[in-house]
$ cat input-v6.txt   # compact mmCIF, C-alpha atoms
# COMPACT_ATOMS: atom_id res chain seq x y z
CA MET A 3 -72.68 39.02 26.51
CA ASP A 4 -70.78 40.61 29.39
CA GLN A 5 -68.61 43.56 28.46
CA PRO A 6 -64.92 43.69 29.40
CA LEU A 7 -64.26 45.56 32.62
CA ALA A 8 -63.38 49.23 32.31
CA ARG A 9 -60.20 48.94 34.37
CA PRO A 10 -58.25 46.21 36.16
CA ASP A 11 -59.77 45.03 39.41
CA ALA A 12 -57.95 45.45 42.69
CA PRO A 13 -56.96 42.20 44.43
CA ILE A 14 -59.52 40.63 46.72
CA PHE A 15 -56.67 40.15 49.19
CA GLU A 16 -54.08 42.89 48.81
CA PRO A 17 -50.66 41.15 48.92
CA ARG A 18 -49.00 43.52 51.36
CA ALA A 19 -51.94 43.83 53.75
CA PHE A 20 -52.50 40.06 53.90
CA ARG A 21 -48.79 39.17 53.71
CA LEU A 22 -49.18 36.95 50.67
CA THR A 23 -46.24 34.88 49.52
CA PRO A 24 -44.55 35.72 46.20
CA LEU A 25 -46.27 32.70 44.59
CA GLU A 26 -49.68 33.73 45.93
CA THR A 27 -49.13 37.28 44.67
CA GLU A 28 -48.14 36.04 41.23
CA LEU A 29 -50.95 33.51 40.86
CA THR A 30 -53.70 35.87 42.03
CA ALA A 31 -52.48 38.62 39.70
CA ARG A 32 -52.42 36.20 36.79
CA ALA A 33 -55.89 34.95 37.73
CA ARG A 34 -57.35 38.46 37.66
CA GLU A 35 -55.87 39.11 34.25
CA PHE A 36 -57.04 35.76 32.90
CA GLY A 37 -60.49 36.16 34.40
CA ALA A 38 -61.06 39.61 32.93
CA ARG A 39 -59.62 38.68 29.53
CA VAL A 40 -60.97 35.15 29.05
CA LEU A 41 -63.73 34.28 31.52
CA ALA A 42 -65.83 37.43 31.90
CA PRO A 43 -66.63 37.98 28.19
CA ARG A 44 -67.98 34.40 27.89
CA ALA A 45 -69.72 33.95 31.25
CA ALA A 46 -73.18 35.02 30.10
CA ARG A 47 -73.08 32.48 27.27
CA TRP A 48 -72.54 29.45 29.50
CA ASP A 49 -75.26 30.67 31.84
CA ARG A 50 -77.77 31.39 29.08
CA GLU A 51 -77.25 28.09 27.29
CA ALA A 52 -76.54 25.95 30.40
CA THR A 53 -73.54 24.59 28.52
CA PHE A 54 -70.13 23.59 29.81
CA PRO A 55 -67.35 26.22 29.41
CA ILE A 56 -65.11 23.97 27.34
CA ASP A 57 -63.48 26.94 25.56
CA ASN A 58 -62.34 28.25 28.93
CA TYR A 59 -60.74 24.90 29.72
CA ARG A 60 -58.82 24.88 26.47
CA ASP A 61 -57.43 28.29 27.36
CA MET A 62 -56.74 27.12 30.92
CA HIS A 63 -54.72 24.24 29.53
CA ARG A 64 -52.71 26.53 27.26
CA GLU A 65 -51.93 28.90 30.14
CA GLY A 66 -51.12 26.24 32.74
CA TRP A 67 -54.15 26.57 35.02
CA LEU A 68 -55.14 22.89 34.85
CA GLY A 69 -51.92 22.10 36.71
CA VAL A 70 -52.15 24.81 39.36
CA CYS A 71 -51.79 22.33 42.26
CA ILE A 72 -49.45 19.89 40.55
CA PRO A 73 -46.04 20.17 42.27
CA GLN A 74 -43.50 22.29 40.44
CA GLU A 75 -41.08 19.38 40.28
CA ASP A 76 -43.73 17.50 38.30
CA GLY A 77 -44.31 20.39 35.89
CA GLY A 78 -47.18 22.22 37.57
CA LEU A 79 -47.55 25.65 39.17
CA GLY A 80 -47.08 24.26 42.68
CA ALA A 81 -49.91 26.00 44.54
CA ASP A 82 -50.56 24.78 48.06
CA PHE A 83 -54.00 24.87 49.70
CA ARG A 84 -54.07 28.58 50.53
CA ALA A 85 -52.50 29.67 47.24
CA TYR A 86 -55.09 27.66 45.37
CA CYS A 87 -58.00 29.08 47.39
CA LEU A 88 -56.87 32.66 46.86
CA THR A 89 -56.39 32.07 43.14
CA ALA A 90 -59.74 30.35 42.73
CA ALA A 91 -61.49 33.25 44.48
CA GLU A 92 -60.11 35.63 41.88
CA LEU A 93 -61.41 33.44 39.04
CA GLY A 94 -64.79 33.18 40.77
CA ARG A 95 -65.27 36.93 40.33
CA TYR A 96 -65.50 36.51 36.58
CA CYS A 97 -67.30 33.21 36.00
CA GLY A 98 -68.69 31.22 38.89
CA ALA A 99 -69.44 28.11 36.83
CA THR A 100 -65.89 27.92 35.49
CA ALA A 101 -64.33 28.46 38.91
CA LEU A 102 -66.58 25.87 40.54
CA THR A 103 -65.98 23.17 37.93
CA TRP A 104 -62.27 24.01 37.92
CA ASN A 105 -62.30 23.22 41.63
CA MET A 106 -63.66 19.74 40.89
CA HIS A 107 -60.78 19.23 38.49
CA VAL A 108 -58.12 20.74 40.76
CA CYS A 109 -59.11 18.52 43.70
CA SER A 110 -57.83 15.52 41.76
CA THR A 111 -54.35 17.06 41.98
CA LEU A 112 -54.62 18.83 45.35
CA TRP A 113 -55.88 15.72 47.13
CA THR A 114 -53.35 13.42 45.46
CA GLY A 115 -50.53 15.94 45.86
CA MET A 116 -49.76 18.06 48.92
CA LEU A 117 -52.70 16.75 50.94
CA THR A 118 -51.76 13.09 50.52
CA ASP A 119 -48.10 13.91 51.18
CA ASP A 120 -49.17 15.02 54.69
CA LEU A 121 -50.73 11.65 55.49
CA GLU A 122 -49.27 8.45 56.87
CA MET A 123 -48.56 5.46 54.63
CA PRO A 124 -45.81 2.86 54.28
CA ALA A 125 -42.81 3.91 52.19
CA ASP A 126 -43.54 1.40 49.43
CA ILE A 127 -47.18 2.52 49.16
CA ARG A 128 -46.06 6.15 49.04
CA ALA A 129 -43.60 5.41 46.25
CA GLN A 130 -46.30 3.56 44.30
CA HIS A 131 -48.70 6.45 44.80
CA HIS A 132 -46.15 8.95 43.49
CA GLU A 133 -45.66 6.83 40.37
CA ARG A 134 -49.39 6.52 39.76
CA ARG A 135 -50.19 10.18 40.24
CA LEU A 136 -47.54 11.13 37.69
CA VAL A 137 -49.62 9.33 35.05
CA HIS A 138 -52.57 11.59 35.83
CA TYR A 139 -50.42 14.70 36.06
CA ARG A 140 -48.91 14.05 32.63
CA ARG A 141 -52.35 13.60 31.09
CA ILE A 142 -53.41 16.94 32.52
CA LEU A 143 -50.30 18.91 31.61
CA LYS A 144 -49.62 17.39 28.20
CA ASP A 145 -53.05 16.48 26.88
CA GLY A 146 -55.26 18.92 28.78
CA ALA A 147 -57.18 16.05 30.40
CA ILE A 148 -60.04 17.27 32.58
CA TYR A 149 -60.89 15.45 35.81
CA SER A 150 -64.07 15.77 37.83
CA GLN A 151 -65.16 14.98 41.36
CA PRO A 152 -68.62 13.34 41.41
CA PHE A 153 -69.53 13.29 45.08
CA SER A 154 -73.25 13.43 45.81
CA GLU A 155 -75.52 10.41 45.71
CA GLY A 156 -78.75 11.79 47.13
CA GLY A 157 -78.13 10.44 50.61
CA ALA A 158 -75.97 10.97 53.68
CA ALA A 159 -72.74 9.59 52.20
CA ALA A 160 -71.64 12.93 50.74
CA ALA A 161 -72.09 14.51 54.17
CA GLY A 162 -69.60 11.98 55.56
CA THR A 163 -71.93 10.04 57.85
CA ILE A 164 -72.25 6.72 55.98
CA ALA A 165 -70.36 4.79 53.33
CA PHE A 166 -70.74 5.75 49.68
CA GLY A 167 -73.43 3.77 47.89
CA THR A 168 -71.33 3.55 44.74
CA ASN A 169 -69.52 0.24 45.22
CA ALA A 170 -66.29 -1.33 43.99
CA THR A 171 -65.61 -5.06 43.94
CA LYS A 172 -62.11 -6.49 43.48
CA VAL A 173 -61.62 -8.56 40.33
CA GLU A 174 -58.53 -9.82 38.58
CA GLY A 175 -56.35 -6.88 37.58
CA GLY A 176 -58.64 -4.19 38.94
CA TRP A 177 -62.12 -3.29 40.13
CA LYS A 178 -65.73 -3.40 38.99
CA ILE A 179 -67.68 -0.24 39.89
CA ASN A 180 -71.46 0.04 40.19
CA GLY A 181 -73.54 2.96 41.37
CA LYS A 182 -74.85 6.43 40.68
CA LYS A 183 -73.74 10.00 41.33
CA ILE A 184 -76.07 12.99 41.12
CA PHE A 185 -75.26 16.67 40.60
CA ALA A 186 -72.04 15.44 38.99
CA SER A 187 -70.39 18.61 37.72
CA LEU A 188 -68.65 18.27 34.33
CA ALA A 189 -70.79 15.20 33.52
CA GLY A 190 -70.29 14.45 29.85
CA HIS A 191 -67.33 16.83 29.56
CA ALA A 192 -64.63 15.48 31.90
CA ASP A 193 -62.14 12.98 30.51
CA PHE A 194 -61.90 11.16 33.84
CA TYR A 195 -64.33 10.96 36.75
CA GLY A 196 -62.66 10.84 40.18
CA VAL A 197 -65.19 8.49 41.72
CA LEU A 198 -65.47 7.98 45.47
CA CYS A 199 -66.76 4.48 46.07
CA THR A 200 -66.80 1.79 48.75
CA ASP A 201 -64.81 -1.44 48.56
CA VAL A 202 -67.44 -4.12 49.26
CA THR A 203 -65.33 -7.10 48.20
CA ASP A 204 -65.62 -8.68 51.64
CA GLY A 205 -69.38 -8.13 51.77
CA THR A 206 -69.28 -5.21 54.21
CA SER A 207 -69.76 -1.49 53.64
CA SER A 208 -67.64 0.93 55.66
CA ARG A 209 -66.46 4.53 55.24
CA ARG A 210 -62.98 3.28 56.10
CA ASN A 211 -62.99 1.30 52.85
CA THR A 212 -63.56 4.31 50.58
CA LEU A 213 -61.68 4.20 47.30
CA TYR A 214 -60.89 7.15 45.03
CA MET A 215 -60.72 5.91 41.44
CA ALA A 216 -60.14 7.66 38.10
CA VAL A 217 -62.80 6.27 35.77
CA PRO A 218 -62.33 7.10 32.06
CA ALA A 219 -65.37 8.85 30.66
CA ASP A 220 -65.42 6.47 27.70
CA ALA A 221 -65.19 3.29 29.79
CA PRO A 222 -67.91 0.74 28.95
CA GLY A 223 -70.76 1.03 31.44
CA VAL A 224 -70.42 4.77 32.08
CA THR A 225 -73.59 6.69 31.24
CA VAL A 226 -74.55 10.35 31.57
CA ALA A 227 -78.28 10.84 32.16
CA GLY A 228 -80.85 13.47 33.04
CA GLU A 229 -81.59 17.04 32.00
CA TRP A 230 -79.81 20.15 33.25
CA ASP A 231 -81.75 23.40 33.56
CA PRO A 232 -81.09 24.81 37.07
CA LEU A 233 -81.50 28.17 38.78
CA GLY A 234 -77.81 29.02 38.90
CA MET A 235 -74.35 27.62 38.24
CA ARG A 236 -75.84 26.56 34.92
CA GLY A 237 -72.49 26.10 33.19
CA THR A 238 -71.43 23.35 35.59
CA VAL A 239 -73.62 20.85 33.68
CA SER A 240 -74.06 18.67 36.75
CA ARG A 241 -76.06 15.77 35.31
CA ASN A 242 -76.28 12.24 36.71
CA LEU A 243 -73.55 9.64 36.26
CA LEU A 244 -74.36 5.93 36.14
CA PHE A 245 -71.79 3.15 36.53
CA GLN A 246 -72.74 -0.40 35.57
CA ASP A 247 -70.01 -3.02 35.91
CA VAL A 248 -67.37 -0.47 34.94
CA PHE A 249 -63.91 -2.03 35.00
CA VAL A 250 -60.90 0.05 36.03
CA PRO A 251 -57.38 -1.32 36.54
CA ASP A 252 -55.56 -1.22 39.86
CA ASP A 253 -53.43 1.74 38.76
CA ALA A 254 -56.58 3.88 38.32
CA ALA A 255 -56.47 4.56 42.07
CA LEU A 256 -56.00 8.29 42.73
CA MET A 257 -55.28 7.49 46.38
CA PRO A 258 -54.08 4.26 47.99
CA SER A 259 -56.84 2.09 49.41
CA GLY A 260 -58.28 3.49 52.62
CA LEU A 261 -56.35 6.76 52.44
CA TYR A 262 -59.41 8.88 51.62
CA PHE A 263 -60.88 8.07 55.04
CA GLN A 264 -57.64 9.22 56.67
CA ALA A 265 -57.69 12.40 54.57
CA ALA A 266 -61.29 13.23 55.43
CA SER A 267 -60.58 12.66 59.12
CA ARG A 268 -57.19 14.36 59.39
CA TRP A 269 -57.34 17.05 56.64
CA PRO A 270 -60.97 18.27 56.92
CA HIS A 271 -60.19 21.66 55.36
CA MET A 272 -60.12 19.73 52.07
CA PHE A 273 -63.88 20.20 52.00
CA MET A 274 -63.56 24.00 52.01
CA THR A 275 -62.47 24.17 48.38
CA LEU A 276 -65.98 25.02 47.22
CA THR A 277 -65.84 28.33 49.11
CA PRO A 278 -63.35 30.26 46.94
CA THR A 279 -65.83 30.52 44.08
CA TYR A 280 -68.38 32.11 46.39
CA MET A 281 -65.79 34.40 47.97
CA GLY A 282 -65.15 35.66 44.44
CA ILE A 283 -68.88 36.06 43.74
CA ALA A 284 -69.28 38.07 46.95
CA GLN A 285 -66.50 40.40 45.83
CA ALA A 286 -67.96 40.65 42.33
CA ALA A 287 -71.39 41.70 43.67
CA TYR A 288 -69.77 44.44 45.71
CA ASP A 289 -67.58 45.55 42.80
CA PHE A 290 -70.59 45.77 40.48
CA THR A 291 -72.48 47.93 42.97
CA VAL A 292 -69.62 50.38 43.36
CA ARG A 293 -69.05 50.65 39.61
CA TYR A 294 -72.76 51.08 38.96
CA LEU A 295 -73.24 53.82 41.53
CA ARG A 296 -70.15 55.64 40.23
CA GLY A 297 -71.45 55.42 36.65
CA GLU A 298 -68.54 53.21 35.58
CA GLN A 299 -70.21 49.85 34.91
CA PRO A 300 -69.72 48.81 31.26
CA GLY A 301 -73.02 48.34 29.47
CA THR A 302 -74.85 51.01 31.49
CA PRO A 303 -75.17 54.77 30.90
CA PRO A 304 -72.44 56.81 32.67
CA VAL A 305 -74.91 58.16 35.22
CA LYS A 306 -73.73 58.63 38.81
CA ARG A 307 -76.03 57.57 41.64
CA ARG A 308 -73.55 57.81 44.47
CA MET A 309 -74.91 61.06 45.95
CA TYR A 310 -77.96 59.46 47.55
CA PRO A 311 -77.55 58.69 51.29
CA THR A 312 -79.47 55.42 50.98
CA LYS A 313 -76.99 54.20 48.37
CA GLN A 314 -74.01 55.26 50.48
CA ILE A 315 -75.37 53.45 53.53
CA ALA A 316 -76.01 50.29 51.49
CA VAL A 317 -72.46 50.26 50.13
CA ALA A 318 -71.06 50.84 53.61
CA GLU A 319 -73.07 47.91 54.96
CA MET A 320 -71.91 45.74 52.06
CA ARG A 321 -68.30 46.68 52.74
CA VAL A 322 -68.60 45.75 56.41
CA MET A 323 -70.08 42.34 55.54
CA LEU A 324 -67.48 41.75 52.83
CA GLU A 325 -64.55 42.58 55.12
CA GLN A 326 -65.95 40.35 57.88
CA THR A 327 -66.32 37.51 55.41
CA LYS A 328 -62.85 37.96 53.98
CA ALA A 329 -61.17 38.12 57.37
CA LEU A 330 -62.74 34.94 58.71
CA TRP A 331 -62.25 33.02 55.47
CA PHE A 332 -58.62 34.09 55.10
CA GLN A 333 -57.87 33.01 58.65
CA ALA A 334 -59.53 29.63 58.09
CA ILE A 335 -57.68 28.82 54.87
CA SER A 336 -54.42 30.02 56.41
CA GLU A 337 -54.80 27.49 59.26
CA ALA A 338 -55.53 24.54 56.96
CA SER A 339 -53.27 21.59 57.74
CA ALA A 340 -53.32 18.01 58.83
CA ASP A 341 -54.77 17.39 62.29
CA PRO A 342 -56.27 20.83 63.01
CA GLY A 343 -57.19 21.69 66.58
CA ARG A 344 -60.76 21.98 67.76
CA ASP A 345 -60.92 25.77 67.48
CA SER A 346 -59.43 25.64 64.01
CA MET A 347 -62.05 23.12 62.93
CA LEU A 348 -64.89 25.21 64.35
CA ARG A 349 -63.47 28.25 62.59
CA ALA A 350 -63.44 26.36 59.29
CA LEU A 351 -67.11 25.48 59.67
CA ALA A 352 -67.94 29.07 60.61
CA ALA A 353 -66.02 30.35 57.59
CA GLN A 354 -67.74 27.92 55.24
CA ASN A 355 -71.18 28.97 56.49
CA THR A 356 -70.27 32.66 56.41
CA VAL A 357 -68.98 32.67 52.84
CA MET A 358 -71.88 30.67 51.43
CA GLU A 359 -74.55 32.70 53.22
CA ASN A 360 -72.94 36.12 52.86
CA ALA A 361 -72.25 35.73 49.15
CA ASN A 362 -75.99 35.56 48.56
CA ALA A 363 -76.72 38.28 51.12
CA LEU A 364 -74.29 40.61 49.37
CA ALA A 365 -75.71 39.78 45.96
CA ALA A 366 -79.24 40.40 47.25
CA LYS A 367 -78.15 43.73 48.72
CA ALA A 368 -76.55 44.63 45.40
CA VAL A 369 -79.80 43.88 43.55
CA ARG A 370 -81.80 46.04 45.98
CA THR A 371 -79.26 48.88 45.81
CA CYS A 372 -78.82 48.93 42.04
CA GLY A 373 -82.53 48.62 41.31
CA GLY A 374 -84.09 47.74 37.97
CA GLN A 375 -80.81 47.50 36.06
CA SER A 376 -79.92 44.48 38.17
CA MET A 377 -82.64 42.43 36.47
CA LEU A 378 -81.10 42.75 32.99
CA LYS A 379 -79.40 39.66 31.62
CA SER A 380 -77.10 41.92 29.62
CA LEU A 381 -75.42 42.67 32.95
CA PRO A 382 -73.76 40.14 35.30
CA LEU A 383 -75.49 41.01 38.58
CA GLU A 384 -78.59 38.85 38.12
CA ARG A 385 -76.35 35.89 37.31
CA LEU A 386 -74.21 36.59 40.37
CA TYR A 387 -77.37 36.59 42.47
CA ARG A 388 -78.56 33.24 41.08
CA ASP A 389 -75.14 31.63 41.30
CA SER A 390 -74.64 32.88 44.86
CA ARG A 391 -77.82 31.17 46.05
CA CYS A 392 -76.39 27.74 45.20
CA GLY A 393 -73.42 27.74 47.59
CA SER A 394 -75.30 27.06 50.83
CA LEU A 395 -76.77 23.88 49.32
CA MET A 396 -73.52 22.18 48.43
CA LEU A 397 -72.34 19.06 50.21
CA PRO A 398 -70.46 17.93 52.19
CA TRP A 399 -70.69 21.13 54.27
CA THR A 400 -74.05 22.75 53.53
CA ALA A 401 -74.93 25.85 55.54
CA GLU A 402 -77.23 23.76 57.76
CA ILE A 403 -74.61 21.06 58.34
CA CYS A 404 -72.11 23.72 59.38
CA ILE A 405 -74.52 25.20 61.92
CA ASP A 406 -75.48 21.78 63.25
CA ARG A 407 -71.86 20.75 63.72
CA LEU A 408 -70.83 24.08 65.22
CA GLY A 409 -73.49 23.81 67.90
CA ARG A 410 -72.95 20.15 68.68
CA GLU A 411 -69.14 20.22 68.65
CA THR A 412 -69.02 23.34 70.80
CA LEU A 413 -71.26 21.86 73.50
CA TYR A 414 -69.96 18.28 73.43
CA GLU A 415 -66.42 17.01 73.71
CA ARG A 416 -65.56 14.16 71.35
CA GLY A 417 -67.28 11.02 72.58
CA GLU A 418 -69.23 12.84 75.27
CA THR A 419 -72.94 12.10 75.77
CA ASP A 420 -75.65 13.47 78.01
CA ASP A 421 -75.19 10.45 80.29
CA GLN A 422 -71.73 11.61 81.28
$ encode --input "input-v6.txt" --output "structure tokens"
Amino acid sequence: MDQPLARPDAPIFEPRAFRLTPLETELTARAREFGARVLAPRAARWDREATFPIDNYRDMHREGWLGVCIPQEDGGLGADFRAYCLTAAELGRYCGATALTWNMHVCSTLWTGMLTDDLEMPADIRAQHHERRLVHYRRILKDGAIYSQPFSEGGAAAAGTIAFGTNATKVEGGWKINGKKIFASLAGHADFYGVLCTDVTDGTSSRRNTLYMAVPADAPGVTVAGEWDPLGMRGTVSRNLLFQDVFVPDDAALMPSGLYFQAASRWPHMFMTLTPTYMGIAQAAYDFTVRYLRGEQPGTPPVKRRMYPTKQIAVAEMRVMLEQTKALWFQAISEASADPGRDSMLRALAAQNTVMENANALAAKAVRTCGGQSMLKSLPLERLYRDSRCGSLMLPWTAEICIDRLGRETLYERGETDDQ
């Protein structure tokens, strides 16, 4: 089991230097305290057993974290996109699996809250949406309901190029859902699955007809299948979800019909919410290395190794990479808004790629620098290394997709072809 940290960690983003708002300063400070007190001592357990961190979620409910992005007027903490990202990065330092699954839950409130409020819809549809989302918010705040975000299907839909293969057909009073999601984090542990599916009632399949539906975990026809024994992020328990003629009522819609397509097109930074966990892991790998070389890492002998030039150079190189990563990522999340410009969009893709790749590079450098101690499962570094390797693989913006889009969208204007 991980040992508690010897002293409080400094902020990843120092409030004065990065001009954080009072809410951002408060939430990130609370997250560091919560992470060190609650998440870090349990993190090795979830990883070792590949079990879901349900105890963490009970504590998150008690301390208000499940409602971090629910508007304050509706009883939540009221974090906007940047405040959430900064807070999630702090939690990611202490338990990557908890921070990553928490993101899947939080998206159900972030997407339906401030993000949807930025989009266009008729006044009556907006009023209906506000009424419906309150039902979900109350479940979360009062009952501690956990939502998830099953996205991947094993094809190109999660990357945003084709319609989702999970389908919804209109029936009296609601919808019938059929399909399959893979790598579905929180499978078997969420109370509601926020399922992205395609309305095929008229016989056609289009990304414009994407629905976002809250499916109760105990609804008839919902099945969790498959084993879960991965390299890293073991506590996410991302098994397969099967939906066979699952009925959900009309008011299960987390977004009005067709609004997800507008969100994905106009608020693309919404897909960056996987990065905070890995920003936190990058910081944690650096922090471990510094503590270890100073002889201050709990669970290791108090032996200093900082006097060796090779160690000093390695830490300096890690610091340079960490600061580069932080600066680009902070700029990208600060720009997030509806209808970003071209440069802003390219910066978001560059930041996504940088965080996911550099988190693993920093963890690998930490392993090399700290030596044999890094292999011990009694210490967190080997887990940080394994968890960090998973980020570049995650849809919709894998590291390769980011590079592909950066090259193409830099060299081609929208709609331009080589014939022009």
$ residues_around --input "input-v6.txt" --residues "range 370-380 of chain A" --least-positions-apart "2" --cutoff "8 Å" --atoms "only C-alpha atoms" --output "mmCIF file with C-alpha atoms, in the coordinates of the input"
data_model
loop_
_atom_site.group_PDB
_atom_site.id
_atom_site.type_symbol
_atom_site.label_atom_id
_atom_site.label_comp_id
_atom_site.auth_asym_id
_atom_site.auth_seq_id
_atom_site.Cartn_x
_atom_site.Cartn_y
_atom_site.Cartn_z
ATOM 1 C CA MET A 3 -72.680 39.020 26.510
ATOM 2 C CA ASP A 4 -70.780 40.610 29.390
ATOM 3 C CA ALA A 46 -73.180 35.020 30.100
ATOM 4 C CA THR A 291 -72.480 47.930 42.970
ATOM 5 C CA TYR A 294 -72.760 51.080 38.960
ATOM 6 C CA LEU A 295 -73.240 53.820 41.530
ATOM 7 C CA GLY A 301 -73.020 48.340 29.470
ATOM 8 C CA LYS A 313 -76.990 54.200 48.370
ATOM 9 C CA ALA A 316 -76.010 50.290 51.490
ATOM 10 C CA ALA A 366 -79.240 40.400 47.250
ATOM 11 C CA LYS A 367 -78.150 43.730 48.720
ATOM 12 C CA ALA A 368 -76.550 44.630 45.400
ATOM 13 C CA PRO A 382 -73.760 40.140 35.300
ATOM 14 C CA LEU A 383 -75.490 41.010 38.580
ATOM 15 C CA GLU A 384 -78.590 38.850 38.120
ATOM 16 C CA ARG A 385 -76.350 35.890 37.310
#
$ atom_distance --input "input-v6.txt" --atom1 "CA of Tyr149 in chain A" --atom2 "CA of Ala221 in chain A"
14.2 Å
$ residues_around --input "input-v6.txt" --residues "range 61-74 of chain A" --least-positions-apart "5" --cutoff "6 Å" --atoms "all atoms listed in the file" --output "MDAnalysis selection string"
chainID A and resid 79:81 111:112 146
$ closest_residue --input "input-v6.txt" --among "A:Asn58, A:Thr89, A:Gln151, A:Thr23" --to "Phe194 in chain A" --atoms "only C-alpha atoms"
A:Gln151
$ closest_residue --input "input-v6.txt" --among "A:Thr356, A:Thr419, A:Ser154, A:Ser187" --to "Gly237 in chain A" --atoms "all atoms listed in the file"
A:Ser187
$ residues_near_point --input "input-v6.txt" --point "(-72.7, 35.4, 45.6)" --cutoff "8 Å" --atoms "all atoms listed in the file" --output "MDAnalysis selection string"
chainID A and resid 280:287 358 360:365 386:391 393
$ residues_around --input "input-v6.txt" --residues "Gly167 in chain A" --least-positions-apart "4" --cutoff "7 Å" --atoms "all atoms listed in the file" --output "list in words"
Gly181, Cys199 and Thr200 of chain A
$ residues_around --input "input-v6.txt" --residues "Phe245 in chain A" --least-positions-apart "2" --cutoff "12 Å" --atoms "all atoms listed in the file" --output "PyMOL selection string"
chain A and resi 152+167-170+178-184+195+197-199+217-227+242-243+247-250
$ residues_around --input "input-v6.txt" --residues "Gly77 in chain A" --least-positions-apart "6" --cutoff "9 Å" --atoms "all atoms listed in the file" --output "list in words"
Gly69, Tyr139, Arg140 and Leu143 of chain A
$ atom_distance --input "input-v6.txt" --atom1 "CA of Thr118 in chain A" --atom2 "CA of Leu88 in chain A"
20.6 Å
$ atom_distance --input "input-v6.txt" --atom1 "CA of His271 in chain A" --atom2 "CA of Phe166 in chain A"
19.9 Å
$ closest_residue --input "input-v6.txt" --among "A:Val173, A:Ala255, A:Ala38, A:Leu348" --to "Arg135 in chain A" --atoms "only C-alpha atoms"
A:Ala255
$ closest_residue --input "input-v6.txt" --among "A:Ser259, A:His191, A:Gln130, A:Leu244" --to "Lys172 in chain A" --atoms "only C-alpha atoms"
A:Ser259
$ closest_residue --input "input-v6.txt" --among "A:Arg47, A:Ala161, A:Arg84, A:Asp76" --to "Lys144 in chain A" --atoms "only C-alpha atoms"
A:Asp76
$ closest_residue --input "input-v6.txt" --among "A:Thr100, A:Lys306, A:Thr400, A:Phe185" --to "Asp231 in chain A" --atoms "only C-alpha atoms"
A:Phe185
$ build_atoms --input "input-v6.txt" --residues "range 41-51 of chain A" --atoms "N, CA, C and O atoms" --output "mmCIF file, in the frame of the given file"
data_model
loop_
_atom_site.group_PDB
_atom_site.id
_atom_site.type_symbol
_atom_site.label_atom_id
_atom_site.label_comp_id
_atom_site.auth_asym_id
_atom_site.auth_seq_id
_atom_site.Cartn_x
_atom_site.Cartn_y
_atom_site.Cartn_z
ATOM 1 N N LEU A 41 -62.507 34.811 30.918
ATOM 2 C CA LEU A 41 -63.730 34.280 31.520
ATOM 3 C C LEU A 41 -64.911 35.242 31.444
ATOM 4 O O LEU A 41 -66.020 34.837 31.072
ATOM 5 N N ALA A 42 -64.704 36.494 31.815
ATOM 6 C CA ALA A 42 -65.830 37.430 31.900
ATOM 7 C C ALA A 42 -66.581 37.613 30.582
ATOM 8 O O ALA A 42 -67.812 37.607 30.568
ATOM 9 N N PRO A 43 -65.891 37.770 29.439
ATOM 10 C CA PRO A 43 -66.630 37.980 28.190
ATOM 11 C C PRO A 43 -67.503 36.797 27.773
ATOM 12 O O PRO A 43 -68.435 36.967 26.983
ATOM 13 N N ARG A 44 -67.232 35.599 28.298
ATOM 14 C CA ARG A 44 -67.980 34.400 27.890
ATOM 15 C C ARG A 44 -69.005 33.950 28.931
ATOM 16 O O ARG A 44 -69.830 33.079 28.639
ATOM 17 N N ALA A 45 -68.954 34.513 30.130
ATOM 18 C CA ALA A 45 -69.720 33.950 31.250
ATOM 19 C C ALA A 45 -71.213 33.930 30.978
ATOM 20 O O ALA A 45 -71.904 32.969 31.341
ATOM 21 N N ALA A 46 -71.738 34.969 30.356
ATOM 22 C CA ALA A 46 -73.180 35.020 30.100
ATOM 23 C C ALA A 46 -73.622 33.903 29.160
ATOM 24 O O ALA A 46 -74.734 33.391 29.272
ATOM 25 N N ARG A 47 -72.752 33.536 28.248
ATOM 26 C CA ARG A 47 -73.080 32.480 27.270
ATOM 27 C C ARG A 47 -73.310 31.150 27.950
ATOM 28 O O ARG A 47 -74.309 30.468 27.693
ATOM 29 N N TRP A 48 -72.393 30.754 28.826
ATOM 30 C CA TRP A 48 -72.540 29.450 29.500
ATOM 31 C C TRP A 48 -73.801 29.440 30.364
ATOM 32 O O TRP A 48 -74.494 28.430 30.450
ATOM 33 N N ASP A 49 -74.078 30.564 30.993
ATOM 34 C CA ASP A 49 -75.260 30.670 31.840
ATOM 35 C C ASP A 49 -76.541 30.610 31.002
ATOM 36 O O ASP A 49 -77.476 29.879 31.331
ATOM 37 N N ARG A 50 -76.560 31.341 29.920
ATOM 38 C CA ARG A 50 -77.770 31.390 29.080
ATOM 39 C C ARG A 50 -78.082 30.033 28.480
ATOM 40 O O ARG A 50 -79.233 29.581 28.455
ATOM 41 N N GLU A 51 -77.056 29.355 27.992
ATOM 42 C CA GLU A 51 -77.250 28.090 27.290
ATOM 43 C C GLU A 51 -77.199 26.877 28.215
ATOM 44 O O GLU A 51 -77.545 25.770 27.797
#
